[in-house]
$ cat start_6.csv   # CSV, C-alpha atoms
chain,number,residue,atom,x,y,z
A,25,MET,CA,-61.6,42.1,-79.0
A,26,ARG,CA,-63.5,45.4,-78.4
A,27,GLY,CA,-66.8,43.6,-79.1
A,28,GLY,CA,-65.9,41.0,-76.4
A,29,ARG,CA,-65.3,43.7,-73.8
A,30,LEU,CA,-68.7,45.4,-74.7
A,31,GLN,CA,-70.5,42.0,-74.3
A,32,HIS,CA,-69.0,41.4,-70.8
A,33,PRO,CA,-68.5,44.8,-69.0
A,34,LEU,CA,-69.2,43.3,-65.6
A,35,LEU,CA,-66.5,40.7,-66.1
A,36,GLY,CA,-63.8,43.3,-66.8
A,37,LEU,CA,-65.0,45.4,-63.9
A,38,ARG,CA,-64.8,42.4,-61.5
A,39,ALA,CA,-61.3,41.5,-62.8
A,40,ARG,CA,-60.0,45.0,-62.2
A,41,ALA,CA,-61.6,45.0,-58.7
A,42,GLU,CA,-60.0,41.7,-57.9
A,43,LEU,CA,-56.5,42.9,-58.8
A,44,TRP,CA,-57.0,46.2,-57.0
A,45,GLY,CA,-58.2,44.3,-53.9
A,46,GLN,CA,-55.1,42.1,-53.9
A,47,ARG,CA,-52.8,45.1,-54.0
A,48,ARG,CA,-54.6,46.7,-51.0
A,49,ALA,CA,-54.4,43.5,-48.9
A,50,GLY,CA,-51.1,44.7,-47.4
A,51,ALA,CA,-48.0,42.9,-46.2
A,52,PHE,CA,-48.1,39.2,-45.1
A,53,ARG,CA,-48.7,38.8,-41.4
A,54,ARG,CA,-49.3,35.9,-39.0
A,55,GLU,CA,-53.0,36.7,-38.5
A,56,ALA,CA,-55.2,38.8,-40.7
A,57,GLN,CA,-58.6,40.3,-39.8
A,58,VAL,CA,-61.2,41.4,-42.3
A,59,GLU,CA,-61.7,45.2,-42.2
A,60,ARG,CA,-64.9,46.9,-43.3
A,61,ARG,CA,-63.1,49.2,-45.7
A,62,ARG,CA,-61.4,46.3,-47.5
A,63,ILE,CA,-64.6,44.4,-48.4
A,64,TYR,CA,-65.7,44.6,-52.0
A,65,ILE,CA,-69.2,43.7,-53.1
A,66,LEU,CA,-70.9,43.3,-56.5
A,67,PRO,CA,-74.1,41.7,-57.7
A,68,THR,CA,-74.0,38.1,-58.8
A,69,ARG,CA,-75.6,37.0,-62.1
A,70,PHE,CA,-78.7,36.0,-60.1
A,71,GLY,CA,-78.6,39.4,-58.4
A,72,ALA,CA,-78.3,41.3,-61.7
A,73,GLY,CA,-81.3,39.3,-63.0
A,74,PHE,CA,-83.2,40.1,-59.9
A,75,ALA,CA,-82.4,43.9,-60.3
A,76,LEU,CA,-83.5,43.8,-64.0
A,77,MET,CA,-86.8,42.0,-63.0
A,78,THR,CA,-87.5,44.6,-60.3
A,79,LEU,CA,-86.9,47.4,-62.8
A,80,VAL,CA,-89.3,45.9,-65.3
A,81,MET,CA,-91.9,45.5,-62.5
A,82,LEU,CA,-91.4,49.2,-61.7
A,83,VAL,CA,-91.9,50.3,-65.3
A,84,ALA,CA,-95.1,48.1,-65.5
A,85,ALA,CA,-96.4,49.6,-62.2
A,86,ILE,CA,-95.9,53.1,-63.5
A,87,ASN,CA,-97.5,52.3,-66.8
A,88,TYR,CA,-100.6,50.8,-65.3
A,89,SER,CA,-100.6,52.9,-62.1
A,90,ASN,CA,-101.2,49.8,-60.1
A,91,SER,CA,-100.7,50.3,-56.3
A,92,MET,CA,-100.2,46.5,-55.7
A,93,ALA,CA,-97.5,46.4,-58.3
A,94,PHE,CA,-95.8,49.4,-56.7
A,95,ALA,CA,-96.0,47.7,-53.3
A,96,LEU,CA,-94.5,44.4,-54.6
A,97,THR,CA,-91.8,46.2,-56.5
A,98,PHE,CA,-90.7,48.3,-53.5
A,99,LEU,CA,-90.8,45.2,-51.3
A,100,LEU,CA,-88.5,43.3,-53.7
A,101,ALA,CA,-86.2,46.4,-53.9
A,102,ALA,CA,-86.0,46.6,-50.1
A,103,LEU,CA,-85.3,42.9,-49.9
A,104,GLY,CA,-82.3,43.4,-52.3
A,105,LEU,CA,-80.9,46.3,-50.3
A,106,VAL,CA,-81.2,44.5,-47.0
A,107,SER,CA,-79.6,41.4,-48.6
A,108,MET,CA,-76.7,43.6,-49.7
A,109,HIS,CA,-76.2,44.9,-46.2
A,110,HIS,CA,-76.2,41.4,-44.6
A,111,THR,CA,-73.8,40.0,-47.3
A,112,HIS,CA,-71.3,42.8,-46.5
A,113,ALA,CA,-71.7,42.3,-42.8
A,114,ASN,CA,-71.1,38.6,-43.1
A,115,LEU,CA,-67.4,39.1,-43.5
A,116,VAL,CA,-66.7,42.0,-41.1
A,117,GLY,CA,-64.4,41.0,-38.2
A,118,VAL,CA,-63.6,37.5,-39.3
A,119,SER,CA,-59.9,36.7,-38.7
A,120,LEU,CA,-57.7,34.1,-40.4
A,121,ARG,CA,-54.4,32.5,-39.3
A,122,SER,CA,-52.2,29.8,-40.7
A,123,LEU,CA,-51.4,26.5,-39.0
A,124,GLY,CA,-48.8,25.7,-41.7
A,125,GLY,CA,-48.5,22.5,-43.6
A,126,THR,CA,-49.8,19.1,-42.5
A,127,SER,CA,-47.3,17.7,-40.0
A,128,GLY,CA,-45.1,14.9,-41.3
A,129,HIS,CA,-46.1,15.5,-44.9
A,130,ALA,CA,-43.1,16.0,-47.3
A,131,VAL,CA,-43.9,18.2,-50.3
A,132,PHE,CA,-42.0,17.7,-53.5
A,133,ALA,CA,-42.0,20.0,-56.5
A,134,GLY,CA,-45.2,19.2,-58.6
A,135,ASP,CA,-47.2,18.1,-55.5
A,136,GLU,CA,-50.0,19.9,-53.9
A,137,ALA,CA,-49.0,21.2,-50.5
A,138,PRO,CA,-51.7,20.7,-47.8
A,139,LEU,CA,-52.2,23.9,-45.7
A,140,GLN,CA,-54.4,24.5,-42.7
A,141,PHE,CA,-56.1,27.8,-41.8
A,142,ILE,CA,-58.2,28.7,-38.8
A,143,ALA,CA,-61.0,31.2,-39.3
A,144,SER,CA,-62.4,32.9,-36.1
A,145,ASN,CA,-65.6,34.7,-35.5
A,146,PRO,CA,-65.6,37.1,-32.5
A,147,SER,CA,-69.2,38.3,-33.0
A,148,LEU,CA,-72.5,36.9,-31.6
A,149,ALA,CA,-73.9,36.3,-35.1
A,150,PRO,CA,-72.9,33.2,-37.1
A,151,ARG,CA,-71.2,33.7,-40.4
A,152,LEU,CA,-72.8,31.7,-43.2
A,153,SER,CA,-71.3,30.0,-46.3
A,154,LEU,CA,-67.8,31.5,-46.1
A,155,GLU,CA,-65.6,30.4,-49.0
A,156,LEU,CA,-61.8,30.4,-48.9
A,157,ARG,CA,-59.6,29.9,-52.0
A,158,TRP,CA,-56.4,30.7,-53.8
A,159,PRO,CA,-56.4,33.4,-56.5
A,160,ALA,CA,-56.1,30.9,-59.4
A,161,GLN,CA,-58.9,28.6,-58.1
A,162,THR,CA,-62.5,28.9,-59.2
A,163,ASP,CA,-63.9,26.8,-56.4
A,164,GLY,CA,-62.7,26.9,-52.8
A,165,VAL,CA,-63.5,25.4,-49.5
A,166,ARG,CA,-66.8,26.5,-48.0
A,167,HIS,CA,-67.8,26.4,-44.3
A,168,ASP,CA,-70.2,28.1,-41.9
A,169,LEU,CA,-68.6,29.9,-39.0
A,170,PRO,CA,-70.5,29.6,-35.7
A,171,ALA,CA,-70.9,32.6,-33.3
A,172,GLN,CA,-67.8,33.2,-31.2
A,173,ASP,CA,-66.1,30.1,-32.5
A,174,SER,CA,-63.5,28.9,-35.0
A,175,THR,CA,-63.5,26.6,-38.0
A,176,SER,CA,-60.6,24.9,-39.9
A,177,PHE,CA,-60.2,25.4,-43.6
A,178,ALA,CA,-57.9,22.8,-45.4
A,179,LEU,CA,-56.5,24.0,-48.8
A,180,ARG,CA,-54.1,22.4,-51.2
A,181,LEU,CA,-51.6,24.7,-52.9
A,182,PRO,CA,-50.0,23.6,-56.2
A,183,THR,CA,-46.2,23.7,-56.3
A,184,THR,CA,-44.0,24.0,-59.4
A,185,ARG,CA,-40.5,24.6,-58.0
A,186,ARG,CA,-38.3,23.6,-55.1
A,187,GLY,CA,-37.3,26.0,-52.3
A,188,ARG,CA,-39.0,28.2,-49.9
A,189,LEU,CA,-42.6,29.0,-50.8
A,190,GLN,CA,-44.7,31.8,-49.5
A,191,ALA,CA,-48.4,31.0,-50.1
A,192,PRO,CA,-50.2,33.7,-52.1
A,193,LYS,CA,-52.9,35.9,-50.7
A,194,LEU,CA,-56.3,34.3,-49.9
A,195,ARG,CA,-59.7,35.2,-51.2
A,196,LEU,CA,-62.5,35.0,-48.5
A,197,SER,CA,-66.0,35.5,-49.9
A,198,THR,CA,-69.6,34.9,-49.3
A,199,GLN,CA,-73.0,35.2,-51.1
A,200,ALA,CA,-75.1,34.6,-48.1
A,201,PRO,CA,-77.9,35.1,-47.3
A,202,LEU,CA,-79.8,35.2,-50.6
A,203,GLY,CA,-77.1,34.9,-53.3
A,204,LEU,CA,-78.0,38.3,-54.8
A,205,PHE,CA,-74.5,39.8,-54.0
A,206,GLU,CA,-71.0,38.5,-53.5
A,207,ALA,CA,-68.8,40.2,-51.0
A,208,TRP,CA,-65.1,39.3,-50.9
A,209,THR,CA,-61.8,40.4,-49.4
A,210,TRP,CA,-58.1,39.5,-49.7
A,211,LEU,CA,-56.2,38.4,-46.7
A,212,ALA,CA,-52.3,38.3,-46.6
A,213,VAL,CA,-51.7,35.4,-44.2
A,214,ASP,CA,-48.1,34.4,-43.6
A,215,ALA,CA,-48.0,30.7,-44.6
A,216,ARG,CA,-44.6,29.3,-45.6
A,217,LEU,CA,-43.4,25.8,-46.4
A,218,LEU,CA,-40.3,24.1,-47.9
A,219,VAL,CA,-40.7,22.3,-51.2
A,220,TYR,CA,-38.2,19.5,-51.9
A,221,PRO,CA,-36.9,18.7,-55.4
A,222,LYS,CA,-39.0,16.2,-57.4
A,223,PRO,CA,-37.4,12.8,-57.1
A,224,ALA,CA,-36.1,11.2,-60.3
A,225,ALA,CA,-37.7,8.0,-61.5
A,226,ALA,CA,-36.3,4.9,-59.9
A,227,GLY,CA,-33.7,2.9,-61.9
A,228,ARG,CA,-30.4,4.8,-61.9
A,229,LEU,CA,-28.1,3.6,-59.2
A,230,PRO,CA,-25.1,5.3,-57.6
A,231,PRO,CA,-21.8,4.6,-59.3
A,232,PRO,CA,-19.8,1.5,-58.3
A,233,TRP,CA,-18.7,1.9,-54.7
A,234,SER,CA,-15.1,1.8,-53.6
A,235,GLN,CA,-13.4,2.4,-50.3
A,236,GLY,CA,-13.1,6.2,-49.7
A,237,GLN,CA,-15.4,7.1,-52.5
A,238,LEU,CA,-19.0,6.2,-52.2
A,239,MET,CA,-19.1,3.5,-49.5
A,240,SER,CA,-17.1,2.6,-46.5
A,241,PRO,CA,-15.7,-0.9,-46.1
A,242,LEU,CA,-18.5,-3.4,-45.5
A,243,PRO,CA,-18.5,-5.9,-42.6
A,244,ARG,CA,-17.3,-9.4,-43.5
A,245,ILE,CA,-20.3,-11.6,-44.0
A,246,GLY,CA,-20.2,-14.2,-41.3
A,247,SER,CA,-18.5,-12.0,-38.7
A,248,GLU,CA,-21.9,-11.2,-37.1
A,249,ASP,CA,-25.1,-13.2,-36.4
A,250,PHE,CA,-27.2,-13.8,-39.5
A,251,ALA,CA,-30.7,-12.2,-39.1
A,252,GLY,CA,-32.5,-13.2,-42.3
A,253,PHE,CA,-33.3,-11.5,-45.6
A,254,ARG,CA,-35.0,-8.4,-46.9
A,255,ASP,CA,-35.9,-7.2,-50.4
A,256,TYR,CA,-33.2,-5.4,-52.3
A,257,VAL,CA,-33.4,-1.6,-52.3
A,258,PRO,CA,-31.4,0.6,-54.7
A,259,GLY,CA,-28.2,1.6,-52.9
A,260,ASP,CA,-27.6,-1.8,-51.3
A,261,SER,CA,-24.1,-3.3,-51.7
A,262,PRO,CA,-24.0,-6.2,-54.3
A,263,ARG,CA,-21.8,-8.0,-51.8
A,264,LEU,CA,-24.8,-8.5,-49.5
A,265,ILE,CA,-27.2,-9.9,-52.1
A,266,HIS,CA,-28.0,-13.6,-51.8
A,267,TRP,CA,-27.4,-14.5,-55.4
A,268,LYS,CA,-28.2,-18.2,-54.9
A,269,SER,CA,-31.8,-17.5,-54.1
A,270,LEU,CA,-32.3,-15.2,-57.2
A,271,PRO,CA,-33.1,-18.0,-59.8
A,272,ARG,CA,-35.4,-19.8,-57.3
A,273,THR,CA,-37.4,-16.8,-56.0
A,274,GLY,CA,-37.0,-14.3,-58.9
A,275,ARG,CA,-36.3,-11.6,-56.3
A,276,ALA,CA,-33.1,-10.0,-55.2
A,277,LEU,CA,-32.8,-10.6,-51.4
A,278,VAL,CA,-30.3,-8.9,-49.2
A,279,GLN,CA,-28.7,-10.6,-46.2
A,280,ARG,CA,-29.2,-8.9,-42.8
A,281,PHE,CA,-26.9,-9.2,-39.7
A,282,ASP,CA,-27.9,-8.3,-36.2
A,283,ASP,CA,-24.8,-6.3,-35.1
A,284,GLY,CA,-23.2,-5.7,-38.4
A,285,VAL,CA,-21.8,-2.3,-39.2
A,286,ALA,CA,-24.4,-0.5,-41.4
A,287,SER,CA,-23.2,0.4,-44.9
A,288,GLU,CA,-22.2,4.0,-45.2
A,289,ILE,CA,-23.1,5.5,-48.6
A,290,TRP,CA,-21.8,8.8,-49.9
A,291,LEU,CA,-24.3,10.4,-52.3
A,292,ASP,CA,-22.0,12.8,-54.3
A,293,TRP,CA,-22.9,15.7,-56.5
A,294,GLN,CA,-19.8,15.0,-58.6
A,295,ALA,CA,-21.0,11.6,-59.5
A,296,LEU,CA,-23.7,13.1,-61.8
A,297,GLU,CA,-21.6,15.2,-64.1
A,298,ASP,CA,-23.7,14.3,-67.1
A,299,LEU,CA,-26.8,16.0,-65.7
A,300,ASP,CA,-27.7,19.7,-65.3
A,301,THR,CA,-28.3,21.3,-61.9
A,302,GLU,CA,-32.0,20.5,-61.4
A,303,GLN,CA,-31.6,16.9,-62.8
A,304,ARG,CA,-28.7,16.3,-60.3
A,305,LEU,CA,-30.8,17.5,-57.4
A,306,SER,CA,-33.7,15.3,-58.6
A,307,GLN,CA,-31.5,12.3,-58.8
A,308,LEU,CA,-29.9,12.9,-55.4
A,309,THR,CA,-33.3,13.3,-53.9
A,310,ARG,CA,-34.2,9.8,-55.3
A,311,TRP,CA,-31.0,8.3,-53.9
A,312,VAL,CA,-31.6,9.9,-50.5
A,313,LEU,CA,-35.1,8.5,-50.3
A,314,ASP,CA,-34.0,5.1,-51.4
A,315,ALA,CA,-31.1,5.0,-48.9
A,316,ASP,CA,-33.4,6.0,-46.1
A,317,ALA,CA,-35.9,3.3,-47.0
A,318,SER,CA,-33.1,0.7,-47.0
A,319,GLY,CA,-32.0,1.7,-43.5
A,320,SER,CA,-28.4,2.5,-44.6
A,321,ARG,CA,-26.3,5.2,-43.2
A,322,TYR,CA,-25.7,7.8,-45.9
A,323,GLY,CA,-24.0,11.1,-46.4
A,324,LEU,CA,-24.6,13.9,-48.9
A,325,ARG,CA,-22.0,15.9,-50.7
A,326,LEU,CA,-22.9,19.2,-52.5
A,327,PRO,CA,-20.6,21.9,-53.7
A,328,GLY,CA,-19.4,23.7,-50.6
A,329,PHE,CA,-21.6,21.6,-48.3
A,330,ALA,CA,-21.6,18.1,-46.8
A,331,LEU,CA,-23.6,16.1,-44.4
A,332,PRO,CA,-21.7,13.1,-42.8
A,333,PRO,CA,-23.3,9.7,-43.0
A,334,ASN,CA,-26.2,9.1,-40.6
A,335,ALA,CA,-29.7,7.6,-40.6
A,336,GLY,CA,-33.1,8.4,-39.4
A,337,ALA,CA,-35.9,10.9,-40.0
A,338,ALA,CA,-33.9,13.9,-38.8
A,339,HIS,CA,-31.0,13.1,-41.1
A,340,LEU,CA,-33.5,12.6,-44.0
A,341,GLY,CA,-35.0,16.0,-43.3
A,342,LEU,CA,-31.6,17.7,-43.2
A,343,CYS,CA,-30.6,16.1,-46.6
A,344,LEU,CA,-33.9,17.0,-48.3
A,345,GLU,CA,-33.6,20.6,-46.9
A,346,ALA,CA,-30.1,20.9,-48.2
A,347,LEU,CA,-31.2,19.8,-51.7
A,348,ALA,CA,-34.3,22.1,-51.6
A,349,LEU,CA,-32.1,25.1,-50.7
A,350,PHE,CA,-29.1,24.3,-52.8
A,351,ASP,CA,-29.0,27.7,-54.6
A,352,GLU,CA,-29.2,29.6,-51.3
A,353,ARG,CA,-26.4,27.5,-49.8
A,354,SER,CA,-24.1,27.9,-52.8
A,355,ASP,CA,-24.6,31.5,-53.9
A,356,GLY,CA,-27.2,33.1,-51.6
A,357,ARG,CA,-29.9,33.2,-54.3
A,358,SER,CA,-33.4,31.8,-53.6
A,359,ASP,CA,-34.6,29.5,-56.4
A,360,ALA,CA,-38.1,29.6,-55.0
A,361,ARG,CA,-38.6,33.3,-55.3
A,362,ASP,CA,-41.1,33.0,-58.2
A,363,ALA,CA,-42.9,30.1,-56.6
A,364,GLY,CA,-43.5,32.2,-53.5
A,365,ARG,CA,-45.7,34.4,-55.5
A,366,GLY,CA,-48.2,31.6,-55.7
A,367,PRO,CA,-50.3,30.6,-58.8
A,368,ARG,CA,-51.5,33.3,-61.1

$ encode --input "start_6.csv" --output "C-alpha cells"
Amino acid sequence: MRGGRLQHPLLGLRARAELWGQRRAGAFRREAQVERRRIYILPTRFGAGFALMTLVMLVAAINYSNSMAFALTFLLAALGLVSMHHTHANLVGVSLRSLGGTSGHAVFAGDEAPLQFIASNPSLAPRLSLELRWPAQTDGVRHDLPAQDSTSFALRLPTTRRGRLQAPKLRLSTQAPLGLFEAWTWLAVDARLLVYPKPAAAGRLPPPWSQGQLMSPLPRIGSEDFAGFRDYVPGDSPRLIHWKSLPRTGRALVQRFDDGVASEIWLDWQALEDLDTEQRLSQLTRWVLDADASGSRYGLRLPGFALPPNAGAAHLGLCLEALALFDERSDGRSDARDAGRGPR
C-alpha cells in the first residue's frame, strides 16, 4: 500500500485537493459564481511531461553553455507560465444556475434524472472548453462559452432512492488553452427534484373488487351508448371484458361506452400486507400508472393519508408525490436524505 502511494504522489495530492475544494464550496444557493480564491490548479500529465522536458533542456544548456538552448528553454518555460495564467483566468467570473429537471419528465428510482444548468460569461473574453460534471463522473459535458453570453449544460444524475433529492456539488474545470494545466472549482448550485418509487413489474393485479372496497359499482352494460373496444389494461373490471372475442382475436378487449360512469378504483396500502414498505410503494406505483393509462378514476389510500378517486395528469402527479414522500407524510422523516448527497 505504501509503495502504491509512493508511485502516485500526484494522484493522492489531487484527491485531497478535490475533497478540500468540495468542503470550501459553501452552502447551496440558486446561482453560484466562480471566485478567484476558490479556483484550484495543477499540472496535467502532459504538463508534467512538458515541465520535465524543459528541465532536461535547461540541464543540457548549462552543460554545453549553448545560448540557443538557453533561449529555447526560457521560451518554453515562459510559455508554460503564461498558459497557467490563462487556464486559471478561464474560470474566473463564470456563473452557474439551475433550470431544474426536464419539464414533464417523471423520474423513478434507478433512472437518470435530466437536469439543465445555464453557465453565463459576463466578461469580454470567451471561455474555452469548460467541462461540467458530477463528482463521481470521469467525463462531463464540455462547451465553449462566448463572451457576454450564456450556454446550456445538460447533465444526467443517477438516482438510487425515492424522495426529495438535492443534486450534489458540481465540478467546473478547464484545460484550455494548451492542456498543460487543469483548473477547477466546485459550485454548490441548488438543484432539487422529486424521485418516485420504482414501479414493480407488470403482472400483479389489485385484489378482487367489491362494492365499498376497491371499486365502486359499475354501470350496467347497455344503459349507455356503446363506443367500441380498447385493449385490456391491468385494473379494468372483468365485467367489461368482451369474452366472446378472446378466442377469435387472442386479445382481451374492453367495451367502452360514451357516457358511462367511469370505474372508480381504490388502490389500497392494506391490500399488500404480504410485502414490505418499499415493495408496497413499488406495487402501488405500478397500479397508479396502469390505472392512469386505462383512463379510470382511481383513488389512493396510504396510512394516515388518502386521495379520493379522480383522473388526469394532475391527479397522477399527486399520487406519485404521495408515494415518493410516504415517510415524510407518515412520520416526518425524509427517506431521500442520503440520496440528496449525490453519488460518491

$ closest_residue --input "start_6.csv" --among "A:Leu218, A:Ala39, A:Ile289, A:Ala143" --to "Ala346 of chain A" --atoms "only C-alpha atoms"
A:Leu218

$ atom_distance --input "start_6.csv" --atom1 "atom CA of Ile142 of chain A" --atom2 "atom CA of Thr175 of chain A"
5.8 Å

$ residues_around --input "start_6.csv" --residues "Thr198 of chain A" --least-positions-apart "4" --cutoff "10 Å" --atoms "all atoms listed in the file" --output "MDAnalysis selection string"
chainID A and resid 65 111:112 114:115 151:156 166 203 205:209

$ residues_around --input "start_6.csv" --residues "Arg48 of chain A" --least-positions-apart "6" --cutoff "12 Å" --atoms "only C-alpha atoms" --output "JSON, numbers by chain"
{"A": [41, 42, 59, 61, 62, 63, 64, 193, 209, 210, 211, 212]}

$ residues_around --input "start_6.csv" --residues "segment 75-85 of chain A" --least-positions-apart "2" --cutoff "10 Å" --atoms "all atoms listed in the file" --output "PyMOL selection string"
chain A and resi 67+69-73+87-101+104+204

$ atom_distance --input "start_6.csv" --atom1 "atom CA of Ala133 of chain A" --atom2 "atom CA of Leu349 of chain A"
12.6 Å

$ atom_distance --input "start_6.csv" --atom1 "atom CA of Arg47 of chain A" --atom2 "atom CA of Ser197 of chain A"
16.8 Å

$ residues_around --input "start_6.csv" --residues "Tyr220 of chain A" --least-positions-apart "4" --cutoff "8 Å" --atoms "all atoms listed in the file" --output "PDB file with C-alpha atoms, in the coordinates of the input"
ATOM      1  CA  ALA A 130     -43.100  16.000 -47.300  1.00  0.00           C
ATOM      2  CA  VAL A 131     -43.900  18.200 -50.300  1.00  0.00           C
ATOM      3  CA  PHE A 132     -42.000  17.700 -53.500  1.00  0.00           C
ATOM      4  CA  ALA A 133     -42.000  20.000 -56.500  1.00  0.00           C
ATOM      5  CA  ARG A 186     -38.300  23.600 -55.100  1.00  0.00           C
ATOM      6  CA  GLY A 187     -37.300  26.000 -52.300  1.00  0.00           C
ATOM      7  CA  LEU A 344     -33.900  17.000 -48.300  1.00  0.00           C
ATOM      8  CA  GLU A 345     -33.600  20.600 -46.900  1.00  0.00           C
ATOM      9  CA  LEU A 347     -31.200  19.800 -51.700  1.00  0.00           C
ATOM     10  CA  ALA A 348     -34.300  22.100 -51.600  1.00  0.00           C
TER      11      ALA A 348
END

$ closest_residue --input "start_6.csv" --among "A:Thr183, A:Ala295, A:Val278, A:Gly319" --to "Ala137 of chain A" --atoms "all atoms listed in the file"
A:Thr183

$ residues_near_point --input "start_6.csv" --point "(-65.4, 30.5, -34.3)" --cutoff "10 Å" --atoms "only C-alpha atoms" --output "list in words"
Val118, Ser119, Ile142, Ala143, Ser144, Asn145, Pro146, Ser147, Leu148, Pro150, Arg151, Asp168, Leu169, Pro170, Ala171, Gln172, Asp173, Ser174, Thr175 and Ser176 of chain A

$ closest_residue --input "start_6.csv" --among "A:Asp135, A:Asp163, A:Glu352, A:Glu302" --to "Pro182 of chain A" --atoms "only C-alpha atoms"
A:Asp135

$ closest_residue --input "start_6.csv" --among "A:Gly328, A:Pro333, A:Ser269, A:Pro223" --to "Arg304 of chain A" --atoms "only C-alpha atoms"
A:Pro223

$ residues_around --input "start_6.csv" --residues "Pro138 of chain A" --least-positions-apart "3" --cutoff "12 Å" --atoms "all atoms listed in the file" --output "MDAnalysis selection string"
chainID A and resid 122:132 135 141 177:183 191 215:219

$ build_atoms --input "start_6.csv" --residues "segment 163-177 of chain A" --atoms "N, CA and C atoms" --output "mmCIF file, in the coordinates of the input"
data_model
loop_
_atom_site.group_PDB
_atom_site.id
_atom_site.type_symbol
_atom_site.label_atom_id
_atom_site.label_comp_id
_atom_site.auth_asym_id
_atom_site.auth_seq_id
_atom_site.Cartn_x
_atom_site.Cartn_y
_atom_site.Cartn_z
ATOM 1 N N ASP A 163 -63.147 27.289 -57.498
ATOM 2 C CA ASP A 163 -63.900 26.800 -56.400
ATOM 3 C C ASP A 163 -63.016 26.566 -55.177
ATOM 4 N N GLY A 164 -63.464 27.025 -54.026
ATOM 5 C CA GLY A 164 -62.700 26.900 -52.800
ATOM 6 C C GLY A 164 -63.342 25.958 -51.813
ATOM 7 N N VAL A 165 -62.965 26.126 -50.560
ATOM 8 C CA VAL A 165 -63.500 25.400 -49.500
ATOM 9 C C VAL A 165 -64.560 26.244 -48.749
ATOM 10 N N ARG A 166 -65.755 25.710 -48.529
ATOM 11 C CA ARG A 166 -66.800 26.500 -48.000
ATOM 12 C C ARG A 166 -67.281 25.927 -46.619
ATOM 13 N N HIS A 167 -67.390 26.794 -45.608
ATOM 14 C CA HIS A 167 -67.800 26.400 -44.300
ATOM 15 C C HIS A 167 -68.684 27.508 -43.667
ATOM 16 N N ASP A 168 -69.583 27.120 -42.760
ATOM 17 C CA ASP A 168 -70.200 28.100 -41.900
ATOM 18 C C ASP A 168 -69.344 28.321 -40.670
ATOM 19 N N LEU A 169 -69.442 29.513 -40.111
ATOM 20 C CA LEU A 169 -68.600 29.900 -39.000
ATOM 21 C C LEU A 169 -69.531 30.240 -37.797
ATOM 22 N N PRO A 170 -69.640 29.362 -36.786
ATOM 23 C CA PRO A 170 -70.500 29.600 -35.700
ATOM 24 C C PRO A 170 -70.150 30.893 -34.896
ATOM 25 N N ALA A 171 -71.107 31.423 -34.144
ATOM 26 C CA ALA A 171 -70.900 32.600 -33.300
ATOM 27 C C ALA A 171 -69.791 32.344 -32.284
ATOM 28 N N GLN A 172 -68.853 33.277 -32.149
ATOM 29 C CA GLN A 172 -67.800 33.200 -31.200
ATOM 30 C C GLN A 172 -67.090 31.820 -31.172
ATOM 31 N N ASP A 173 -66.754 31.374 -32.360
ATOM 32 C CA ASP A 173 -66.100 30.100 -32.500
ATOM 33 C C ASP A 173 -65.157 30.105 -33.695
ATOM 34 N N SER A 174 -64.490 28.986 -33.909
ATOM 35 C CA SER A 174 -63.500 28.900 -35.000
ATOM 36 C C SER A 174 -63.792 27.676 -35.849
ATOM 37 N N THR A 175 -63.333 27.730 -37.082
ATOM 38 C CA THR A 175 -63.500 26.600 -38.000
ATOM 39 C C THR A 175 -62.200 26.478 -38.824
ATOM 40 N N SER A 176 -61.858 25.229 -39.121
ATOM 41 C CA SER A 176 -60.600 24.900 -39.900
ATOM 42 C C SER A 176 -60.937 24.836 -41.366
ATOM 43 N N PHE A 177 -60.093 25.461 -42.168
ATOM 44 C CA PHE A 177 -60.200 25.400 -43.600
ATOM 45 C C PHE A 177 -58.902 24.638 -44.107
#
